[in-house]
Structure formats: structure tokens, C-alpha cells
Amino acid sequence: SLAGIMLLEVFLVLGTVIIYFLFSKKKEETLPFKEGWWGKGQKPDTEEDTTIQPFKVETTEEELSDLFRRLDQARFTEPLENSCFHYGINSVYLRKVVSYWKNQFNWKKQVEVLNKYPQFKTKIQGIDIHFVHVKPPCLPEGQSAKPLLMVHGWPGSFYEFYRIIPLLTDPASHGLSDEHIFEVICPSIPGYGFSEAPHKKDFNSVSAASVFYELMLRLGFNEFYAQGGDWGWLICTNLAQIAPSHVKGLHLNLASVTRVGFTQVLSVLLGRRLPGLFGFREEDVRRMFPFLEKGLYRILLESGYAHIQATKPDTVGCGLNDSPVGLAAYILEKFSSWTDLEFQNLEDGGLERKFNLDDLLTNIMIYWVSGCIVSSMRFYKENLQKGIGTQKHEKLTVQVPTGIASFPNEIMHTPQAWAQKKYTNIVSFHFMPRGGHFAALEEPELLARDILQFVGKVEKEQLWKKR
């Protein structure tokens with residue numbers, strides 16, 4: 001009968017569709033490598049000099065006397081009574097920092113600290129790329145070091161990793177398992193620290209990822225691990241999208257999702273009452289709700305800097321590049337609130353609870369002596385000016401094995417249920433017991449342990465080979 005034939009046709013079509021979906025694995029789409037040239041003026045016809053030159057941090061007496069003159073001539077504003085850090089940095093405390101900077105801080109000693117790890121420069125896509133490269137002091141018989149790329153963010157620097165490097169290159173001496181030992185490569189993002197700033201527009205996270213991919217290949221690493229927080233999160237994520245067959249594993253201490261779907265909106269509305277329905281755990285609920293207060297208001301209160309930097313970085317940058325005290329105020333405020341929002345209730349912003357002034361001022365000095373604050377802020381404009389959620393990399397997933405260390409005092413919490421939509425192969429997701437945004441500097445051992453266990457999982461199951 002006609003009905004019977006039609007039914008058969010429907011079944012055949014349905015069957016074909018089902019078989020198609022079962023057997024046609026969606027082609028893994030990668031992100032195109034960004035071949036840019038960021039040097040001054042016209043690109044020369046000559047081949048790029050790919051040699052790797054040793055580098056040391058050095059400052060002249062002129063630079064230092066100029067700095068001290070500016071510190072001596074600083075103008076301070078009186079803070080409001082009882083305002084603590086709620087209006088930004090408190091200038092009563094800032095005076096103390098400046099006094100320490102002038103009278104006790106020993107930059108020459110800190111330069112020696114910076115130079116204790118081998119540093120290098122090499123030209124990639126027309127600009128000088130600075131990086132720290134630390135090999136293990138000793139390797140047990142039959143073991144080889146695993147290359148690990150670690151990428152900082154703003155307003156940090158490669159110096160953030162100085163406390164965690166020895167835990168990764170020599171874990172046994174620090175009471176950690178030496179099943180996996182790393183050689184660590186910490187580059188400065190172009191426009192940050194001692195990497196040259198791009199001279200052309202449009203240098204974004206994909207550009208940085210492409211440059212660092214080239215750096216790792218130039219160093220002879222065909223397979224490597226990548227780790228990052230802040231901008232390092234996005235750069236390493238893009239790198240995993242560009243070269244999934246070269247990145248064995250991706251470890252993040254910040255994982256933000258820039259594209260929001262209907263279920264995420266729904267989970268914000270109903271997740272507190274029905275956490276299981278959205279895959280939320282107790283800790284997710286504790287960190288996320290009430291969402292107006294812990295989500296929306298917090299973002300509005302804490303993202304003013306990002307709005308400025310994503311629109312007019314050069315304007316505000318002029319003042320910061322001209323005044324060391326202004327620069328310190330701008331950067332220190334972030335080290336306070338991003339370490340713990342509760343620190344805003346303290347006169348000193350809690351800055352010395354988790355860090356010491358030598359470390360904080362060393363980071364600020366890296367910005368000051370390299371004059372990089374403006375170029376570091378431009379990275380926001382390059383990444384955000386086209387709008388959030390519009391870039392190709394934001395639409396692509398990440399298939400590389402991923403480990404996420406979720407620190408409780410990070411400004412915004414991303415539950416695993418959300419991260420999973422972007423990172424389809426999460427092999428470890430841990431709620432860390434304490435710590436905030438600058439994890440490597442604040443809690444180096446916690447972060448090192450999480451990296452070690454993550455790499456252990458990936459290696460044991462040879463996860464990168466299963467893809």
C-alpha cells in the first residue's frame with residue numbers, strides 16, 4: 001500500500017540520518033595560525049634572524065635617578081575617612097609603599113633575583129620576544145623533562161612564575177612527586193615586560209598564541225604542555241585550538257566562557273534551587289549565588305579598568321607611564337582586589353597578607369623600566385574591540401585534554417558545567433582550598449601540585465594519543 005511505502009521511506013530517511021550522525025564524526029576544526037608581521041614600518045624582504053640571544057635585565061644609574069626624582073616629587077591626595085580600598089587604592093597606604101620604594105627596596109638585588117633564571121630574546125614575526133627558560137637541575141635516570149609553556153597576564157609579568165618554577169623543575173627537593181619533571185618556558189606577552197611591543201594594530205590573543213607556538217617550535221619542542229591564567233588562559237586556549245596535535249595538555253587557573261547559551265541563562269535563574277539539573281555542585285552554588293551580587297554587580301564594580309583599556313588605553317596610559325606612583329597605584333589596586341575582594345575593607349588593601357613589597361615592587365619595576373604599561377593595556381582593545389563572542393576562536397571548542405584549578409577568590413567563578421561546553425575534554429577540575437587571581441605568585445605549591453597531578457593523568461592514559 002501507498003501508506004506502507006511512505007512509512008518505509010520515512011524509516012529509510014531517518015535511518016540514513018541516524019547512521020550519518022553516528023558515523024560522521026564532526027571534523028575537528030582548528031583555528032588558523034595567524035601569520036603576522038608586527039615590526040616597524042614596511043616588512044623587509046630579507047629572511048628573519050631566528051637566532052636566540054641570551055638576555056639579562058639591566059638598568060642604568062640615569063634610569064634610577066630619574067625614578068627617584070619622580071618618587072620624591074609625587075603629589076598625593078588625601079583619602080576619604082574610613083574609605084579603606086573602596087574608592088581604589090588608599091593613598092595613606094600608598095605613601096608607605098613609596099617610602100619603602102625609596103628607602104628600603106633594593107632594585108639591584110631584585111635584578112639579581114630576576115637574572116637567576118636564564119633569559120633570552122628571539123625575533124618572531126618582526127618583534128623581539130623575551131622569555132625565561134629553566135631546565136631541571138638534575139634528571140633521574142631514564143627520565144626526560146616535559147616542556148611547559150607558562151603564560152602570565154595583566155598587570156602581571158613573567159616574574160609571577162619565579163616561585164613556582166623550582167617546584168616544577170625540581171619537584172623532589174620541594175617535597176613534591178618527581179614522577180614528572182618540567183623544563184619551563186615563560187615568555188613575556190608582546191607589549192609586556194621585556195618583549196617588544198607590536199608596532200601595528202590588531203595584535204590579539206590569537207597573534208600572541210601564534211608567536212608562542214613559533215617560539216616553542218624554534219626551541220625544538222614539538223609536543224608540550226601549556227598553562228595560564230588571566231590573558232594566559234586565552235592565549236594558551238588559542239594555542240590549543242591552533243595546534244591541538246602539539247599541545248599535549250592545557251592547564252588553566254582561570255577558565256572563562258565568552259559565549260553564553262540559553263541553558264546558562266536558565267542556570268543563572270534556577271541554578272540555586274535546582275543545582276543538579278544544571279550540573280552545579282554545592283561549591284558552585286556557594287561561589288555563584290546570589291548571582292546579582294556575586295555575578296552582575298561584581299562585574300560592574302570591578303571591570304571599569306577593562307572598559308577604559310578596551311576603548312582608550314593610550315589616554316590613561318600617558319599618566320601611568322609618566323608617574324611611577326600612579327603606575328604603582330593602578331597595579332597594586334588589582335593585586336589587592338583580585339587576591340581577595342574582602343581586602344577592600346582594609347586600610348592597606350591586605351596587600352602584604354599574601355605578598356611582600358619586594359615582589360609587588362619588582363613586578364611594578366618591570367612595567368616601569370620597560371615603559372610597557374600603555375602597550376600592555378592595548379591588548380584589551382585588540383581583544384575586545386570587535387565585541388565579546390564574535391571571534392572565530394570563541395565559537396570553536398577545545399579538544400585538548402584540559403585541567404582546571406578553580407581558585408575561590410577569583411573575581412568570577414566558572415562552574416565545570418559551563419567550562420565543559422568550551423573545553424570538551426576536561427580531565428581534572430578542582431576547587432582549590434584558597435587563593436585568588438595571581439595563583440602562581442600567591443599559592444605556588446597548590447598550583448604546582450595541581451599541574452603535576454593533571455600531567456600525571458594525561459601521561460598515564462596517554463590522553464593526547466586518543467584523539
# chains A, B, ... in the order shown; residues from 1 in each chain; ligands from 1
>>> closest_atom_pairs(of="range 129-175 of chain A", to="range 213-226 of chain A", cutoff="7 Å", atoms="only C-alpha atoms", output="Markdown table")
| residue | atom | partner | partner_atom | distance |
| --- | --- | --- | --- | --- |
| A:Lys146 | CA | A:Phe224 | CA | 6.8 |
| A:Pro147 | CA | A:Phe224 | CA | 5.1 |
| A:Leu148 | CA | A:Tyr225 | CA | 4.7 |
| A:Leu149 | CA | A:Ala226 | CA | 4.7 |
| A:Met150 | CA | A:Ala226 | CA | 6.0 |
>>> write_last_selection(atoms="all heavy atoms", output="PDB file, in the first residue's frame")
ATOM      1  N   LYS A 146      59.582  17.427  30.670  1.00  0.00           N
ATOM      2  CA  LYS A 146      58.439  17.766  29.811  1.00  0.00           C
ATOM      3  C   LYS A 146      58.386  19.278  29.652  1.00  0.00           C
ATOM      4  O   LYS A 146      58.356  20.006  30.638  1.00  0.00           O
ATOM      5  CB  LYS A 146      57.146  17.260  30.436  1.00  0.00           C
ATOM      6  CG  LYS A 146      57.143  15.746  30.500  1.00  0.00           C
ATOM      7  CD  LYS A 146      55.948  15.183  31.222  1.00  0.00           C
ATOM      8  CE  LYS A 146      56.050  13.664  31.202  1.00  0.00           C
ATOM      9  NZ  LYS A 146      57.235  13.167  31.937  1.00  0.00           N
ATOM     10  N   PRO A 147      58.382  19.767  28.399  1.00  0.00           N
ATOM     11  CA  PRO A 147      58.326  21.209  28.201  1.00  0.00           C
ATOM     12  C   PRO A 147      56.963  21.774  28.624  1.00  0.00           C
ATOM     13  O   PRO A 147      55.918  21.214  28.269  1.00  0.00           O
ATOM     14  CB  PRO A 147      58.549  21.393  26.704  1.00  0.00           C
ATOM     15  CG  PRO A 147      58.572  20.041  26.103  1.00  0.00           C
ATOM     16  CD  PRO A 147      58.521  19.012  27.163  1.00  0.00           C
ATOM     17  N   LEU A 148      57.003  22.848  29.385  1.00  0.00           N
ATOM     18  CA  LEU A 148      55.781  23.504  29.869  1.00  0.00           C
ATOM     19  C   LEU A 148      55.867  25.002  29.587  1.00  0.00           C
ATOM     20  O   LEU A 148      56.774  25.681  30.062  1.00  0.00           O
ATOM     21  CB  LEU A 148      55.621  23.261  31.371  1.00  0.00           C
ATOM     22  CG  LEU A 148      54.491  24.025  32.089  1.00  0.00           C
ATOM     23  CD1 LEU A 148      53.122  23.559  31.604  1.00  0.00           C
ATOM     24  CD2 LEU A 148      54.597  23.847  33.602  1.00  0.00           C
ATOM     25  N   LEU A 149      54.932  25.477  28.784  1.00  0.00           N
ATOM     26  CA  LEU A 149      54.834  26.906  28.479  1.00  0.00           C
ATOM     27  C   LEU A 149      53.910  27.532  29.521  1.00  0.00           C
ATOM     28  O   LEU A 149      52.786  27.071  29.703  1.00  0.00           O
ATOM     29  CB  LEU A 149      54.250  27.089  27.077  1.00  0.00           C
ATOM     30  CG  LEU A 149      53.933  28.527  26.639  1.00  0.00           C
ATOM     31  CD1 LEU A 149      55.216  29.275  26.268  1.00  0.00           C
ATOM     32  CD2 LEU A 149      52.970  28.536  25.460  1.00  0.00           C
ATOM     33  N   MET A 150      54.385  28.571  30.212  1.00  0.00           N
ATOM     34  CA  MET A 150      53.547  29.248  31.211  1.00  0.00           C
ATOM     35  C   MET A 150      53.376  30.708  30.809  1.00  0.00           C
ATOM     36  O   MET A 150      54.367  31.425  30.606  1.00  0.00           O
ATOM     37  CB  MET A 150      54.157  29.144  32.605  1.00  0.00           C
ATOM     38  CG  MET A 150      54.343  27.709  33.068  1.00  0.00           C
ATOM     39  SD  MET A 150      54.822  27.581  34.806  1.00  0.00           S
ATOM     40  CE  MET A 150      53.231  27.644  35.624  1.00  0.00           C
TER      41      MET A 150
END
>>> residues_around(residues="Pro408 in chain A", least_positions_apart="3", cutoff="8 Å", atoms="only C-alpha atoms", output="VMD selection string")
chain A and resid 287 413 431 to 436
>>> residues_around(residues="Cys186 in chain A", least_positions_apart="2", cutoff="10 Å", atoms="only C-alpha atoms", output="ChimeraX atom specification")
/A:119,130-134,148-152,157-162,165,184,188-189,212,227
>>> write_last_selection(atoms="N, CA, C and O atoms", output="short mmCIF file (atom, residue, chain, number, x, y, z; two decimals), in the first residue's frame")
data_model
loop_
_atom_site.label_atom_id
_atom_site.label_comp_id
_atom_site.auth_asym_id
_atom_site.auth_seq_id
_atom_site.Cartn_x
_atom_site.Cartn_y
_atom_site.Cartn_z
N GLN A 119 67.52 33.88 30.73
CA GLN A 119 66.55 34.59 29.90
C GLN A 119 67.13 34.80 28.51
O GLN A 119 68.34 34.88 28.34
N HIS A 130 60.86 38.08 24.48
CA HIS A 130 61.66 37.78 25.67
C HIS A 130 61.06 36.56 26.37
O HIS A 130 59.84 36.42 26.45
N PHE A 131 61.92 35.66 26.85
CA PHE A 131 61.39 34.52 27.61
C PHE A 131 62.41 34.00 28.61
O PHE A 131 63.62 34.16 28.45
N VAL A 132 61.91 33.42 29.67
CA VAL A 132 62.70 32.74 30.68
C VAL A 132 62.65 31.26 30.32
O VAL A 132 61.59 30.75 29.94
N HIS A 133 63.78 30.58 30.38
CA HIS A 133 63.81 29.15 30.02
C HIS A 133 64.64 28.41 31.07
O HIS A 133 65.86 28.56 31.14
N VAL A 134 63.95 27.62 31.91
CA VAL A 134 64.63 26.95 33.02
C VAL A 134 64.56 25.44 32.84
O VAL A 134 63.48 24.86 32.74
N LEU A 148 57.00 22.85 29.38
CA LEU A 148 55.78 23.50 29.87
C LEU A 148 55.87 25.00 29.59
O LEU A 148 56.77 25.68 30.06
N LEU A 149 54.93 25.48 28.78
CA LEU A 149 54.83 26.91 28.48
C LEU A 149 53.91 27.53 29.52
O LEU A 149 52.79 27.07 29.70
N MET A 150 54.39 28.57 30.21
CA MET A 150 53.55 29.25 31.21
C MET A 150 53.38 30.71 30.81
O MET A 150 54.37 31.42 30.61
N VAL A 151 52.13 31.15 30.70
CA VAL A 151 51.87 32.50 30.19
C VAL A 151 51.14 33.34 31.24
O VAL A 151 50.10 32.92 31.78
N HIS A 152 51.68 34.52 31.51
CA HIS A 152 51.15 35.46 32.52
C HIS A 152 49.99 36.26 31.95
O HIS A 152 49.48 35.98 30.86
N SER A 157 53.46 39.71 35.13
CA SER A 157 54.63 39.59 34.27
C SER A 157 55.21 38.19 34.43
O SER A 157 54.73 37.42 35.25
N PHE A 158 56.24 37.90 33.68
CA PHE A 158 56.92 36.61 33.79
C PHE A 158 57.39 36.35 35.23
O PHE A 158 57.53 35.21 35.65
N TYR A 159 57.59 37.42 35.99
CA TYR A 159 58.10 37.28 37.37
C TYR A 159 57.10 36.55 38.27
O TYR A 159 57.50 35.96 39.28
N GLU A 160 55.83 36.56 37.92
CA GLU A 160 54.82 35.83 38.70
C GLU A 160 55.17 34.36 38.87
O GLU A 160 54.71 33.71 39.81
N PHE A 161 55.96 33.80 37.95
CA PHE A 161 56.24 32.37 37.97
C PHE A 161 57.52 32.01 38.73
O PHE A 161 57.87 30.84 38.82
N TYR A 162 58.23 33.01 39.27
CA TYR A 162 59.53 32.72 39.87
C TYR A 162 59.45 31.80 41.09
O TYR A 162 60.39 31.09 41.39
N ILE A 165 58.47 28.01 39.52
CA ILE A 165 59.45 27.36 38.63
C ILE A 165 60.24 26.25 39.32
O ILE A 165 60.28 25.11 38.84
N VAL A 184 60.69 24.67 32.01
CA VAL A 184 59.66 25.70 31.99
C VAL A 184 60.06 26.86 31.09
O VAL A 184 61.19 27.36 31.18
N SER A 188 57.38 36.69 27.87
CA SER A 188 56.62 37.92 28.11
C SER A 188 55.71 38.12 26.90
O SER A 188 56.18 38.06 25.77
N ILE A 189 54.42 38.36 27.15
CA ILE A 189 53.50 38.66 26.06
C ILE A 189 54.04 39.89 25.32
O ILE A 189 54.48 40.84 25.97
N PHE A 212 53.85 32.40 20.20
CA PHE A 212 54.39 31.46 21.19
C PHE A 212 54.49 30.04 20.62
O PHE A 212 55.36 29.27 21.01
N GLN A 227 50.16 26.32 30.17
CA GLN A 227 49.48 26.69 31.41
C GLN A 227 49.29 28.20 31.47
O GLN A 227 50.18 28.96 31.09
#
>>> closest_residue(among="A:Ala440, A:Gly371, A:Arg281, A:Lys40", to="Leu320 in chain A", atoms="only C-alpha atoms")
A:Gly371
>>> residues_around(residues="Arg95 in chain A", least_positions_apart="3", cutoff="12 Å", atoms="only C-alpha atoms", output="PDB file with all heavy atoms, in the first residue's frame")
ATOM      1  N   LEU A  71      59.712  59.902  42.302  1.00  0.00           N
ATOM      2  CA  LEU A  71      59.132  59.461  43.576  1.00  0.00           C
ATOM      3  C   LEU A  71      59.174  60.588  44.599  1.00  0.00           C
ATOM      4  O   LEU A  71      58.227  60.785  45.370  1.00  0.00           O
ATOM      5  CB  LEU A  71      59.877  58.228  44.113  1.00  0.00           C
ATOM      6  CG  LEU A  71      59.725  56.926  43.318  1.00  0.00           C
ATOM      7  CD1 LEU A  71      60.574  55.809  43.925  1.00  0.00           C
ATOM      8  CD2 LEU A  71      58.261  56.484  43.245  1.00  0.00           C
ATOM      9  N   ASP A  72      60.287  61.359  44.586  1.00  0.00           N
ATOM     10  CA  ASP A  72      60.417  62.472  45.534  1.00  0.00           C
ATOM     11  C   ASP A  72      59.383  63.561  45.278  1.00  0.00           C
ATOM     12  O   ASP A  72      58.968  64.256  46.191  1.00  0.00           O
ATOM     13  CB  ASP A  72      61.829  63.097  45.433  1.00  0.00           C
ATOM     14  CG  ASP A  72      62.875  62.228  46.123  1.00  0.00           C
ATOM     15  OD1 ASP A  72      62.482  61.466  47.037  1.00  0.00           O
ATOM     16  OD2 ASP A  72      64.059  62.291  45.739  1.00  0.00           O
ATOM     17  N   ALA A  74      56.359  63.223  44.069  1.00  0.00           N
ATOM     18  CA  ALA A  74      54.984  62.716  43.959  1.00  0.00           C
ATOM     19  C   ALA A  74      54.003  63.625  44.700  1.00  0.00           C
ATOM     20  O   ALA A  74      54.315  64.174  45.759  1.00  0.00           O
ATOM     21  CB  ALA A  74      54.911  61.304  44.530  1.00  0.00           C
ATOM     22  N   ARG A  75      52.824  63.801  44.122  1.00  0.00           N
ATOM     23  CA  ARG A  75      51.734  64.532  44.787  1.00  0.00           C
ATOM     24  C   ARG A  75      50.682  63.521  45.210  1.00  0.00           C
ATOM     25  O   ARG A  75      50.214  62.735  44.389  1.00  0.00           O
ATOM     26  CB  ARG A  75      51.072  65.503  43.806  1.00  0.00           C
ATOM     27  CG  ARG A  75      51.944  66.656  43.397  1.00  0.00           C
ATOM     28  CD  ARG A  75      51.104  67.790  42.845  1.00  0.00           C
ATOM     29  NE  ARG A  75      50.071  67.364  41.895  1.00  0.00           N
ATOM     30  CZ  ARG A  75      49.168  68.200  41.378  1.00  0.00           C
ATOM     31  NH1 ARG A  75      49.158  69.463  41.737  1.00  0.00           N
ATOM     32  NH2 ARG A  75      48.276  67.770  40.509  1.00  0.00           N
ATOM     33  N   PHE A  76      50.333  63.556  46.477  1.00  0.00           N
ATOM     34  CA  PHE A  76      49.319  62.622  46.979  1.00  0.00           C
ATOM     35  C   PHE A  76      48.027  63.361  47.287  1.00  0.00           C
ATOM     36  O   PHE A  76      48.043  64.542  47.639  1.00  0.00           O
ATOM     37  CB  PHE A  76      49.811  61.944  48.262  1.00  0.00           C
ATOM     38  CG  PHE A  76      50.986  61.025  48.042  1.00  0.00           C
ATOM     39  CD1 PHE A  76      52.290  61.505  48.168  1.00  0.00           C
ATOM     40  CD2 PHE A  76      50.797  59.693  47.714  1.00  0.00           C
ATOM     41  CE1 PHE A  76      53.376  60.667  47.965  1.00  0.00           C
ATOM     42  CE2 PHE A  76      51.874  58.850  47.506  1.00  0.00           C
ATOM     43  CZ  PHE A  76      53.162  59.328  47.638  1.00  0.00           C
ATOM     44  N   THR A  77      46.926  62.655  47.136  1.00  0.00           N
ATOM     45  CA  THR A  77      45.617  63.195  47.508  1.00  0.00           C
ATOM     46  C   THR A  77      45.215  62.554  48.824  1.00  0.00           C
ATOM     47  O   THR A  77      45.453  61.363  49.022  1.00  0.00           O
ATOM     48  CB  THR A  77      44.562  62.801  46.464  1.00  0.00           C
ATOM     49  OG1 THR A  77      45.118  63.034  45.185  1.00  0.00           O
ATOM     50  CG2 THR A  77      43.282  63.579  46.631  1.00  0.00           C
ATOM     51  N   GLU A  78      44.571  63.317  49.692  1.00  0.00           N
ATOM     52  CA  GLU A  78      44.129  62.730  50.948  1.00  0.00           C
ATOM     53  C   GLU A  78      42.917  61.834  50.688  1.00  0.00           C
ATOM     54  O   GLU A  78      41.997  62.227  49.974  1.00  0.00           O
ATOM     55  CB  GLU A  78      43.731  63.860  51.901  1.00  0.00           C
ATOM     56  CG  GLU A  78      43.794  63.445  53.345  1.00  0.00           C
ATOM     57  CD  GLU A  78      43.500  64.625  54.264  1.00  0.00           C
ATOM     58  OE1 GLU A  78      44.186  65.661  54.133  1.00  0.00           O
ATOM     59  OE2 GLU A  78      42.561  64.501  55.066  1.00  0.00           O
ATOM     60  N   PRO A  79      42.906  60.623  51.249  1.00  0.00           N
ATOM     61  CA  PRO A  79      41.741  59.761  51.023  1.00  0.00           C
ATOM     62  C   PRO A  79      40.559  60.181  51.895  1.00  0.00           C
ATOM     63  O   PRO A  79      40.736  60.917  52.866  1.00  0.00           O
ATOM     64  CB  PRO A  79      42.240  58.378  51.452  1.00  0.00           C
ATOM     65  CG  PRO A  79      43.286  58.657  52.479  1.00  0.00           C
ATOM     66  CD  PRO A  79      43.921  59.971  52.112  1.00  0.00           C
ATOM     67  N   ILE A  89      42.849  52.484  45.407  1.00  0.00           N
ATOM     68  CA  ILE A  89      43.943  52.422  46.383  1.00  0.00           C
ATOM     69  C   ILE A  89      43.807  53.540  47.403  1.00  0.00           C
ATOM     70  O   ILE A  89      43.323  54.627  47.093  1.00  0.00           O
ATOM     71  CB  ILE A  89      45.318  52.463  45.679  1.00  0.00           C
ATOM     72  CG1 ILE A  89      46.411  51.987  46.627  1.00  0.00           C
ATOM     73  CG2 ILE A  89      45.615  53.864  45.131  1.00  0.00           C
ATOM     74  CD1 ILE A  89      47.620  51.403  45.957  1.00  0.00           C
ATOM     75  N   ASN A  90      44.221  53.246  48.658  1.00  0.00           N
ATOM     76  CA  ASN A  90      44.179  54.249  49.711  1.00  0.00           C
ATOM     77  C   ASN A  90      45.537  54.942  49.778  1.00  0.00           C
ATOM     78  O   ASN A  90      46.560  54.301  49.961  1.00  0.00           O
ATOM     79  CB  ASN A  90      43.863  53.564  51.042  1.00  0.00           C
ATOM     80  CG  ASN A  90      43.664  54.559  52.161  1.00  0.00           C
ATOM     81  OD1 ASN A  90      44.549  55.351  52.456  1.00  0.00           O
ATOM     82  ND2 ASN A  90      42.488  54.512  52.772  1.00  0.00           N
ATOM     83  N   SER A  91      45.537  56.261  49.586  1.00  0.00           N
ATOM     84  CA  SER A  91      46.844  56.935  49.433  1.00  0.00           C
ATOM     85  C   SER A  91      47.640  57.040  50.736  1.00  0.00           C
ATOM     86  O   SER A  91      48.838  57.307  50.704  1.00  0.00           O
ATOM     87  CB  SER A  91      46.665  58.314  48.800  1.00  0.00           C
ATOM     88  OG  SER A  91      45.725  59.052  49.522  1.00  0.00           O
ATOM     89  N   VAL A  92      47.000  56.821  51.884  1.00  0.00           N
ATOM     90  CA  VAL A  92      47.782  56.751  53.127  1.00  0.00           C
ATOM     91  C   VAL A  92      48.708  55.537  53.041  1.00  0.00           C
ATOM     92  O   VAL A  92      49.898  55.610  53.346  1.00  0.00           O
ATOM     93  CB  VAL A  92      46.855  56.644  54.372  1.00  0.00           C
ATOM     94  CG1 VAL A  92      47.670  56.324  55.619  1.00  0.00           C
ATOM     95  CG2 VAL A  92      46.076  57.943  54.555  1.00  0.00           C
ATOM     96  N   VAL A  98      55.529  53.978  48.797  1.00  0.00           N
ATOM     97  CA  VAL A  98      56.509  54.850  48.128  1.00  0.00           C
ATOM     98  C   VAL A  98      57.712  55.082  49.033  1.00  0.00           C
ATOM     99  O   VAL A  98      58.860  55.094  48.580  1.00  0.00           O
ATOM    100  CB  VAL A  98      55.841  56.164  47.671  1.00  0.00           C
ATOM    101  CG1 VAL A  98      56.893  57.151  47.165  1.00  0.00           C
ATOM    102  CG2 VAL A  98      54.806  55.886  46.589  1.00  0.00           C
ATOM    103  N   SER A  99      57.457  55.235  50.309  1.00  0.00           N
ATOM    104  CA  SER A  99      58.556  55.411  51.258  1.00  0.00           C
ATOM    105  C   SER A  99      59.442  54.161  51.270  1.00  0.00           C
ATOM    106  O   SER A  99      60.678  54.253  51.260  1.00  0.00           O
ATOM    107  CB  SER A  99      57.976  55.676  52.651  1.00  0.00           C
ATOM    108  OG  SER A  99      58.954  55.456  53.620  1.00  0.00           O
ATOM    109  N   TYR A 100      58.818  52.992  51.256  1.00  0.00           N
ATOM    110  CA  TYR A 100      59.588  51.737  51.211  1.00  0.00           C
ATOM    111  C   TYR A 100      60.377  51.651  49.897  1.00  0.00           C
ATOM    112  O   TYR A 100      61.548  51.268  49.874  1.00  0.00           O
ATOM    113  CB  TYR A 100      58.638  50.534  51.326  1.00  0.00           C
ATOM    114  CG  TYR A 100      59.360  49.194  51.325  1.00  0.00           C
ATOM    115  CD1 TYR A 100      59.825  48.632  52.514  1.00  0.00           C
ATOM    116  CD2 TYR A 100      59.606  48.508  50.128  1.00  0.00           C
ATOM    117  CE1 TYR A 100      60.507  47.424  52.514  1.00  0.00           C
ATOM    118  CE2 TYR A 100      60.288  47.295  50.116  1.00  0.00           C
ATOM    119  CZ  TYR A 100      60.737  46.762  51.313  1.00  0.00           C
ATOM    120  OH  TYR A 100      61.419  45.577  51.310  1.00  0.00           O
ATOM    121  N   TRP A 101      59.732  52.036  48.810  1.00  0.00           N
ATOM    122  CA  TRP A 101      60.343  52.008  47.478  1.00  0.00           C
ATOM    123  C   TRP A 101      61.607  52.870  47.465  1.00  0.00           C
ATOM    124  O   TRP A 101      62.644  52.482  46.919  1.00  0.00           O
ATOM    125  CB  TRP A 101      59.303  52.540  46.488  1.00  0.00           C
ATOM    126  CG  TRP A 101      59.509  52.200  45.033  1.00  0.00           C
ATOM    127  CD1 TRP A 101      60.587  51.636  44.443  1.00  0.00           C
ATOM    128  CD2 TRP A 101      58.553  52.436  43.980  1.00  0.00           C
ATOM    129  NE1 TRP A 101      60.379  51.494  43.087  1.00  0.00           N
ATOM    130  CE2 TRP A 101      59.141  51.970  42.779  1.00  0.00           C
ATOM    131  CE3 TRP A 101      57.270  52.998  43.926  1.00  0.00           C
ATOM    132  CZ2 TRP A 101      58.489  52.066  41.545  1.00  0.00           C
ATOM    133  CZ3 TRP A 101      56.627  53.076  42.715  1.00  0.00           C
ATOM    134  CH2 TRP A 101      57.224  52.610  41.540  1.00  0.00           C
ATOM    135  N   LYS A 102      61.516  54.049  48.069  1.00  0.00           N
ATOM    136  CA  LYS A 102      62.657  54.982  48.043  1.00  0.00           C
ATOM    137  C   LYS A 102      63.755  54.570  49.019  1.00  0.00           C
ATOM    138  O   LYS A 102      64.933  54.706  48.715  1.00  0.00           O
ATOM    139  CB  LYS A 102      62.184  56.393  48.441  1.00  0.00           C
ATOM    140  CG  LYS A 102      61.290  57.051  47.409  1.00  0.00           C
ATOM    141  CD  LYS A 102      61.200  58.564  47.604  1.00  0.00           C
ATOM    142  CE  LYS A 102      60.658  58.954  48.974  1.00  0.00           C
ATOM    143  NZ  LYS A 102      60.227  60.371  49.008  1.00  0.00           N
ATOM    144  N   VAL A 325      54.386  56.568  40.739  1.00  0.00           N
ATOM    145  CA  VAL A 325      53.430  56.431  41.838  1.00  0.00           C
ATOM    146  C   VAL A 325      52.036  56.120  41.281  1.00  0.00           C
ATOM    147  O   VAL A 325      51.311  55.268  41.811  1.00  0.00           O
ATOM    148  CB  VAL A 325      53.413  57.707  42.718  1.00  0.00           C
ATOM    149  CG1 VAL A 325      52.360  57.592  43.807  1.00  0.00           C
ATOM    150  CG2 VAL A 325      54.792  57.927  43.330  1.00  0.00           C
ATOM    151  N   GLY A 326      51.673  56.782  40.169  1.00  0.00           N
ATOM    152  CA  GLY A 326      50.400  56.482  39.517  1.00  0.00           C
ATOM    153  C   GLY A 326      50.365  55.038  39.027  1.00  0.00           C
ATOM    154  O   GLY A 326      49.359  54.330  39.185  1.00  0.00           O
ATOM    155  N   ALA A 328      52.107  52.494  40.212  1.00  0.00           N
ATOM    156  CA  ALA A 328      52.013  51.599  41.373  1.00  0.00           C
ATOM    157  C   ALA A 328      50.582  51.562  41.902  1.00  0.00           C
ATOM    158  O   ALA A 328      50.054  50.488  42.212  1.00  0.00           O
ATOM    159  CB  ALA A 328      52.981  52.054  42.467  1.00  0.00           C
ATOM    160  N   ALA A 329      49.933  52.723  41.979  1.00  0.00           N
ATOM    161  CA  ALA A 329      48.560  52.780  42.488  1.00  0.00           C
ATOM    162  C   ALA A 329      47.642  51.920  41.627  1.00  0.00           C
ATOM    163  O   ALA A 329      46.831  51.134  42.125  1.00  0.00           O
ATOM    164  CB  ALA A 329      48.067  54.229  42.502  1.00  0.00           C
ATOM    165  N   ASP A 348      45.109  48.815  54.298  1.00  0.00           N
ATOM    166  CA  ASP A 348      46.268  48.550  53.431  1.00  0.00           C
ATOM    167  C   ASP A 348      45.907  47.621  52.284  1.00  0.00           C
ATOM    168  O   ASP A 348      46.793  47.094  51.597  1.00  0.00           O
ATOM    169  CB  ASP A 348      47.423  47.963  54.257  1.00  0.00           C
ATOM    170  CG  ASP A 348      47.066  46.605  54.852  1.00  0.00           C
ATOM    171  OD1 ASP A 348      45.899  46.162  54.705  1.00  0.00           O
ATOM    172  OD2 ASP A 348      47.958  45.978  55.465  1.00  0.00           O
TER     173      ASP A 348
END
>>> atom_distance(atom1="CA of Phe105 in chain A", atom2="CA of Glu333 in chain A")
19.4 Å
>>> residues_around(residues="range 229-245 of chain A", least_positions_apart="4", cutoff="8 Å", atoms="only C-alpha atoms", output="PyMOL selection string")
chain A and resi 30-33+150-154+205-206+208-210+212-213+223+250+252-255+393+396-400+437-438+464
>>> residues_around(residues="Glu179 in chain A", least_positions_apart="3", cutoff="10 Å", atoms="only C-alpha atoms", output="list in words")
Pro140, Gln143, Pro171, Ala172, Leu176, Leu452, Gln453, Val455 and Gly456 of chain A
>>> select_by_dssp(residues="range 17-177 of chain A", states="strand (DSSP E)", output="ChimeraX atom specification")
/A:52-55,119-124,127-134,146-151
>>> closest_residue(among="A:Leu277, A:Val268, A:Ile366, A:Leu301", to="Ile411 in chain A", atoms="only C-alpha atoms")
A:Leu301
>>> atom_distance(atom1="CA of Thr402 in chain A", atom2="CA of Asn425 in chain A")
6.0 Å
>>> residues_around(residues="Lys457 in chain A", least_positions_apart="5", cutoff="9 Å", atoms="only C-alpha atoms", output="list in words")
Val427, Ser428, Leu452, Gln462 and Leu463 of chain A
>>> atom_distance(atom1="CA of Lys381 in chain A", atom2="CA of Phe85 in chain A")
26.8 Å
